[in-house]
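Q: Please read through the structure below; I'll follow up with questions.
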Amino acid sequence: MDIHNKTPAEDGKIEDNTTKAMFWTMDVTLGLLEMGFSEDEVSSAIEKFGAEIPIEELADSIFAQRMAGSCFETNEPPALHRMNHSHGETEASSSKAFRRAEEMHTSGIPKGKKLKLDDDYSHAFLGTYNPETNPFEPKSTGVPMSFPSKELHKVAKGSLDDGVKIPQTTRQMEARCPYIFYGNVLDVSHETWKRISQFLYAIAPEYVNTQSFSALSRKEGYIHNLPKDNRSNIFPRSPATVVDAMPHTKEWWPSWDTRKQLSSINPESQGIYQVCEKLGKMLIEERGVISVGQQTEILNQCKRLNLMWVGHYKLTAIEPEQVERILGYPVCHTQSGGLDREERLKLLNHSFQIDTVGYHLSPLKSLFPDGLSILSLHSGIGGAEIAIHNLGLRLKSVVSVELSETNQRILRTWWENTKQGGKLVQIKDISKLTSVKLQSLMDELGGFDLIICQGPYTPSTSKAALDPENPAAFDFRVFFEFFRVLEIVRNTMPSKCQC
């Protein structure tokens, strides 16, 4: 086929196949790592044989290589290392296995079973999940990671005795450092959260509505291995209602407008002032005495466009400074980016609510009373850093990875304005975080106490990269880069960890 003359349908099929192959390769890689094989062994096996063959055959090939190595010991580095050294490569061999997924173009997922998370997440969603009465924890096999290869194959394929799950438990995660915290404010699907959890060691997502902490009602989800006891709120807390956030509007608020919190943050600007004029004219003509139907119409527009009462029969759109206050950010925080109203609201819409994330991060206060060092991936406008600062914790060092130069500038301005005494290292491209670069940063900063990642907003992602059942812009290729970095750091840190 001439690649320059592909039809849109053919092009879409190639993208879909690439994504499927990427998920498959990631599943295989994770399965082999969970079996206890090293990153070098996994990378070498996948490069040599491909990820299409059954995982048990890849495991056997690694065992065979080990046997051969024990019989014919040599002082020379393995072939893969010789190749890397001869070409002066510095990138971690493990990252090759992840990148290979993006380079593969296949006709579909190979035959055979994929690793899958069998646990039902239905009880874990907002309003029904109670970690005290219905904890989520995959059952342990009770078999050490050095058990024979045939049993390893069964674990990888999820085919041990009924009820037995992948042997990576939350307890095992809690015993290792650094701590991890992954958060997402997008309305991603049930299946997307299951897949994210699968790669993050089968830790159950924790769901929360920000209305318990602020004047915004929004579902957020977190996957982390922090303790859940001794949690505390940030003080002073953000306003609990819209009127609290904008007290000057209270005298104009009609009794039939029962809104207490924002149901969304709408950055839309086009036509908004015309809508306000139309609604205001209706109220003036009726002298404020309107029918239930008219009240409903006005309320629907107010909720959709975030309209606020600023005068007698007068509505206007909410401003970024008011949203910043509701979300817990310093007023004019996003103004330093030089953005217009719509761009600022888009940034805020995809950022953490400070009080909510701060509550979940608050156990760090007792764990690191003298401060902590953070690796912050997809930092955005610095929500996690601000939350930790507002908890009264010292930021000894922050390595912030953020693609947007505007977001970088916003975080840097906040860092300088609050006179942070620690070190801020800003990196634009997460793909530049090779094992060598990460090792250098850990040597310089003494390691990381916390790896935190906010699922980034990626409005320009290709259709194939998105979860087919997920209406939000969740790009798994971006998530896999986070997972790659996480694995490198966690495989390097334990010997230095003091947690």
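Residues are referred to by chain and number: the chain letter is A, B, ... according to the order shown in the structure tokens, the number counts from 1 in that chain, and ligands are numbered separately from 1 in the order shown.
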Extract, using only C-alpha atoms, all DNA, RNA and protein residues at most 8 Å from stretch 409-413 of chain A, discarding same-chain residues fewer than 4 positions from it, and format them as number ranges by chain.

A: A: 333-334, 336-337, 381-382, 405, 417

Q: So which bits of stretch 298-482 of chain A end up strand (DSSP E) when you DSSP the backbone, as an MDAnalysis selection string?

A: chainID A and resid 307:311 314:317 372:377 395:401 423:427 450:454

Q: Considering only C-alpha atoms, can you say which of A:Leu339, A:Ile386, A:Leu200, A:Leu486 comes closest to A:Ile223?

A: A:Leu200

Q: Please report as a Markdown table every residue of stretch 338-370 of chain A lying within 8 Å of stretch 201-222 of chain A, along with the nearest atom pair and their distance in Å (one decimal), using only C-alpha atoms.

A:
| residue | atom | partner | partner_atom | distance |
| --- | --- | --- | --- | --- |
| A:Gln353 | CA | A:Thr210 | CA | 7.1 |
| A:Asp355 | CA | A:Phe213 | CA | 6.0 |
| A:Thr356 | CA | A:Phe213 | CA | 5.9 |

Q: With 9 Å as the cut-off and only C-alpha atoms counted, what is the closest atom pair between each nearby residue of stretch 309-337 of chain A and stretch 268-279 of chain A? Distances in Å to one decimal, ordered by chain and number, as CSV.

A:
residue,atom,partner,partner_atom,distance
A:Tyr313,CA,A:Leu279,CA,8.3
A:Lys314,CA,A:Cys276,CA,7.4
A:Leu315,CA,A:Cys276,CA,5.5
A:Thr316,CA,A:Cys276,CA,6.1
A:Ala317,CA,A:Ile272,CA,7.2

Q: Write the residues of the selection above to a file with N, CA and C atoms, as an mmCIF file, in the first residue's frame.

A:
data_model
loop_
_atom_site.group_PDB
_atom_site.id
_atom_site.type_symbol
_atom_site.label_atom_id
_atom_site.label_comp_id
_atom_site.auth_asym_id
_atom_site.auth_seq_id
_atom_site.Cartn_x
_atom_site.Cartn_y
_atom_site.Cartn_z
ATOM 1 N N TYR A 313 -31.312 42.577 38.867
ATOM 2 C CA TYR A 313 -31.666 41.939 37.595
ATOM 3 C C TYR A 313 -30.468 41.889 36.630
ATOM 4 N N LYS A 314 -29.288 41.821 37.175
ATOM 5 C CA LYS A 314 -28.099 41.864 36.320
ATOM 6 C C LYS A 314 -27.221 40.635 36.561
ATOM 7 N N LEU A 315 -26.904 39.929 35.480
ATOM 8 C CA LEU A 315 -26.037 38.755 35.523
ATOM 9 C C LEU A 315 -24.764 39.003 34.731
ATOM 10 N N THR A 316 -23.685 38.350 35.157
ATOM 11 C CA THR A 316 -22.439 38.401 34.394
ATOM 12 C C THR A 316 -21.685 37.099 34.594
ATOM 13 N N ALA A 317 -20.725 36.839 33.711
ATOM 14 C CA ALA A 317 -19.957 35.596 33.785
ATOM 15 C C ALA A 317 -18.947 35.654 34.926
#

Q: Could you tell me, as an NGL selection string, which residues of stretch 211-425 of chain A DSSP assigns to alpha helix (DSSP H) when given the backbone?

A: :A and (242-245 or 272-285 or 292-305 or 320-327 or 341-349 or 354-361 or 364-367 or 383-390 or 405-417)

Q: Mind giving me the straight-line distance from atom CA of A:Asp429 to atom CA of A:Leu403 in Å, one decimal?

A: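 It comes out at 5.8 Å.
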
Q: From the list A:Glu324, A:Asp449, A:Glu251, A:Asp229, which residue is nearest A:Ile265 when using only C-alpha atoms?

A: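 Under the stated criterion, the closest residue is A:Glu324.
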
Q: At a cut-off of 9 Å, using only C-alpha atoms, what residues contact stretch 231-244 of chain A? Leave out same-chain residues fewer than 5 positions from it and give the result as a VMD selection string.

A: chain A and resid 211 to 216 249 to 250 253 259 to 262 308 325 to 328 354 to 356 358 to 363 387 390 to 392

Q: Name the residues in contact with A:Thr296 at a cut-off of 10 Å, using only C-alpha atoms, excluding same-chain residues fewer than 5 positions from it; report them as a ChimeraX atom specification.

A: /A:256-257,290-291,301-302

Q: How about saving the chosen residues, N, CA, C and O atoms kept, as a short mmCIF file (atom, residue, chain, number, x, y, z; two decimals), in the first residue's frame?

A:
data_model
loop_
_atom_site.label_atom_id
_atom_site.label_comp_id
_atom_site.auth_asym_id
_atom_site.auth_seq_id
_atom_site.Cartn_x
_atom_site.Cartn_y
_atom_site.Cartn_z
N TRP A 256 -35.14 32.25 44.54
CA TRP A 256 -35.39 31.05 43.76
C TRP A 256 -34.12 30.48 43.10
O TRP A 256 -34.13 29.40 42.54
N ASP A 257 -33.01 31.24 43.17
CA ASP A 257 -31.73 30.71 42.69
C ASP A 257 -31.06 30.01 43.87
O ASP A 257 -30.43 30.63 44.73
N ILE A 290 -41.41 36.43 37.81
CA ILE A 290 -41.40 35.55 36.65
C ILE A 290 -41.98 34.19 37.00
O ILE A 290 -42.05 33.81 38.17
N SER A 291 -42.39 33.48 35.96
CA SER A 291 -43.01 32.17 36.15
C SER A 291 -41.96 31.12 36.53
O SER A 291 -40.75 31.36 36.40
N GLN A 301 -29.34 28.41 32.37
CA GLN A 301 -28.28 29.22 31.75
C GLN A 301 -27.22 29.60 32.78
O GLN A 301 -26.01 29.60 32.47
N CYS A 302 -27.65 29.91 34.00
CA CYS A 302 -26.69 30.26 35.05
C CYS A 302 -25.75 29.11 35.38
O CYS A 302 -24.54 29.30 35.57
#

Q: Quick one: residues within 10 Å of A:Glu319, only C-alpha atoms counted, chain neighbours fewer than 3 positions away excluded, as a PyMOL selection string?

A: chain A and resi 267+306-308+316+322-324+341-342+344-345

Q: Could you write out that same residue set with N, CA and C atoms as a short mmCIF file (atom, residue, chain, number, x, y, z; two decimals), in the first residue's frame?

A:
data_model
loop_
_atom_site.label_atom_id
_atom_site.label_comp_id
_atom_site.auth_asym_id
_atom_site.auth_seq_id
_atom_site.Cartn_x
_atom_site.Cartn_y
_atom_site.Cartn_z
N PRO A 267 -15.36 27.61 30.42
CA PRO A 267 -14.52 28.70 29.90
C PRO A 267 -15.14 29.44 28.71
N ASN A 306 -22.01 29.52 34.27
CA ASN A 306 -21.45 30.08 35.50
C ASN A 306 -21.75 31.58 35.62
N LEU A 307 -23.01 31.92 35.51
CA LEU A 307 -23.43 33.32 35.61
C LEU A 307 -23.67 33.69 37.07
N MET A 308 -23.23 34.90 37.44
CA MET A 308 -23.36 35.39 38.81
C MET A 308 -24.21 36.66 38.84
N THR A 316 -23.68 38.35 35.16
CA THR A 316 -22.44 38.40 34.39
C THR A 316 -21.68 37.10 34.59
N GLN A 322 -12.22 34.79 40.63
CA GLN A 322 -13.20 34.18 41.52
C GLN A 322 -13.09 32.65 41.50
N VAL A 323 -12.80 32.08 40.33
CA VAL A 323 -12.61 30.62 40.24
C VAL A 323 -11.33 30.22 40.98
N GLU A 324 -10.30 31.03 40.87
CA GLU A 324 -9.06 30.74 41.60
C GLU A 324 -9.34 30.66 43.10
N ARG A 341 -9.10 35.55 29.44
CA ARG A 341 -10.06 34.96 30.37
C ARG A 341 -10.35 33.51 30.04
N GLU A 342 -10.62 33.23 28.78
CA GLU A 342 -10.99 31.86 28.37
C GLU A 342 -9.85 30.89 28.61
N ARG A 344 -7.39 31.16 30.78
CA ARG A 344 -7.19 30.98 32.23
C ARG A 344 -8.21 30.01 32.81
N LEU A 345 -9.47 30.15 32.38
CA LEU A 345 -10.51 29.25 32.88
C LEU A 345 -10.29 27.82 32.42
#

Q: I need the residue nearest A:Arg484 from this list: A:Thr29, A:Asn230, A:Gln295, A:Asn266. Use only C-alpha atoms for the distance.

A: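 Comparing A:Thr29, A:Asn230, A:Gln295, A:Asn266 against A:Arg484, the winner is A:Thr29.
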
Q: Between A:Ala384, A:Lys428, A:Ile298, A:Leu32, which one has atoms that come closest to A:Ala51, using only C-alpha atoms?

A: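 Closest residue, counting only C-alpha atoms: A:Leu32.
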